[in-house]
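Take a look at the structure below.
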Amino acid sequence: MAGDGTRIHVARGADGTIRVAACGPVFAHDDVDAVGPDFARSVLDVAGAVLVWPVLGEPGPPVAEVHDVGRAQQWLWAVYGEPTAAAVHACAAGGGEASTVPAGLGALAGDAARLGFAHWAARWWPASYTDGIAVLEPDVLGLESAALTHRCQQLFDDFGDQPDDCVPELIEEHRAGLGPLIQWWRSAPQPPDTARRLESVLRLIDDAADGAGLDGPALRELRSALERGLAGTPVDAGALFARRDGYALAAGEAPGSGGRVIAQGSGTNDWRRYPPGFVDAAEDSVSWTARALGARRQIEVEVVAHVAAPGAGALLVAEVQVNGGPPSRVPLARRDDVWTGRADLDLNPHLDLPAAARAPQVEVGVLLPGFDPGAGLGGRADRDAVRALARRRLAAAAQHLASDGAYDTFSAPFLAETLAATATSEDY
């Protein structure tokens with residue numbers, strides 16, 4: 001990206017941090033919220049700063065909020081170029097100077113952006129059975145994230161305040177994926193680009209594990225496999241990582257619900273309000289039905305469960321508001337592939353009038369108490385844009401399999417995307 005005319009603006013913000021951003025309408029140097037809503041940003045906590053990229057749109061240099069210039073100098077020059085590093089130092093020393101300098105973006109800029117996107121995908125990838133957006137295999141994505149983090153060690157230091165510097169933790173958490181990943185690499189035939197990506201990831205993991213003092217059968221097998229090289233034995237990569245829990249969409253209507261339907265509609269599926277892996281990311285995965293049971297009025301909520309949704313012990317709830325009144329919470333329990341719950345509510349007597357006259361305003365959302373950050377920027381249009389991004393990346397991954405494209409770029413598919421692109425709708 002160096003030499004493309006990009007210029008970097010450096011200025012001290014009102015809160016004392018130094019903001020670094022590319023000039024232009026998308027990367028506003030005085031407002032990191034210009035990058036987009038939280039679910040459309042990728043973020044990295046690095047030494048002395050936080051880096052933010054917009055997920056939607058063309059990749060470019062990040063917006064940096066630098067809170068410790070001394071610590072940040074170890075990577076500023078490698079991400080933005082030496083003129084930017086010098087401008088940040090001058091801004092810190094001068095206590096208020098602002099400047100615009102030419103970018104000199106290096107390889108670390110692309111690697112950092114790719115690592116940020118991997119963290120974003122682990123949190124926000126809109127996997128949906130109903131929308132046809134395949135799940136990214138968590139162990140594959142986690143191990144590639146570990147490899148990328150090891151490759152980006154220049155971004156981090158030993159102060160212990162950077163949660164994204166977590167190579168040993170990622171390797172340990174996703175150790176179960178090492179065996180299948182090794183088999184995938186050693187198999188044949190496969191596109192040369194895929195083999196190179198697999199080998200690069202495995203060698204980085206081996207080096208990182210050795211440096212962190214990690215050991216165990218899976219890591220010893222990794223070292224042995226790297227020494228032996230390719231085996232040439234064909235394997236079905238999808239079968240190596242086949243999910244054990246399945247996804248049937250066979251729940252149907254809750255048994256014994258009864259009553260007369262007096263209103264129904266769709267709710268809002270705001271991804272911010274619960275952790276990944278609870279709810280299918282389709283916009284219409286939340287539905288509600290109001291029923292009359294004698295004099296009682298009852299609301300029934302159904303939410304399509306994500307393939308990885310916990311089967312028990314979760315505290316997921318629906319938040320229901322009727323005609324702008326105070327919110328009521330309806331506890332949800334997972335049954336097969338849906339979360340369901342019902343509760344008696346004051347649904348307004350006008351619901352018994354003819355349809356043209358009643359027009360109830362019922363709003364239903366899903367949240368996890370204790371996790372829910374509340375409302376934020378962005379709505380359905382932004383979520384639809386993220387779904388479109390996921391579909392484009394999966395389509396590009398499928399084309400990449402046939403074209404042997406360059407893997408060492410920001411836009412190249414992750415191994416988890418390559419794996420998802422090979423899955424059929426029946427597998428998913």
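Each chain in the structure tokens gets a letter, A, B and so on, in the order shown; residues start at 1 in every chain, and ligands are counted from 1 in the order they appear.
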Per-residue DSSP, range 78-262 of chain A, filtered to alpha helix (DSSP H), as a PyMOL selection string: chain A and resi 78-80+82-94+107-124+138-151+167-173+178-186+192-212+217-228+237-240
Near-range 99-107 of chain A list (9 Å; only C-alpha atoms; drop same-chain fewer than 6 positions) as a list in words: Met1, Ala2, Gly3, Asp4, Gly5, Thr6, Arg7, Ile8, His9, Val10, Ala11, Ala22, Cys23, Pro61, Trp77, Ala78, Val79, Tyr80, Gly81, Glu82, Pro83, Thr84, Ala87, Val88 and Cys91 of chain A
Shortest interatomic distance to Asp157 in chain A - which of A:Leu76, A:Ala308, A:Ala420, A:Ala47, counting only C-alpha atoms: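 So, comparing all the options, the nearest one is A:Ala47.
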Test item: residues at most 9 Å from Ala118 in chain A, only C-alpha atoms, excluding those fewer than 5 positions along its chain, as an MDAnalysis selection string: chainID A and resid 42 113 123 141:142 144:145 148 414
Separation of CA of Ala398 in chain A from CA of Leu419 in chain A in Å: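 Result for CA of Leu419 in chain A versus CA of Ala398 in chain A: 9.2 Å, one decimal.
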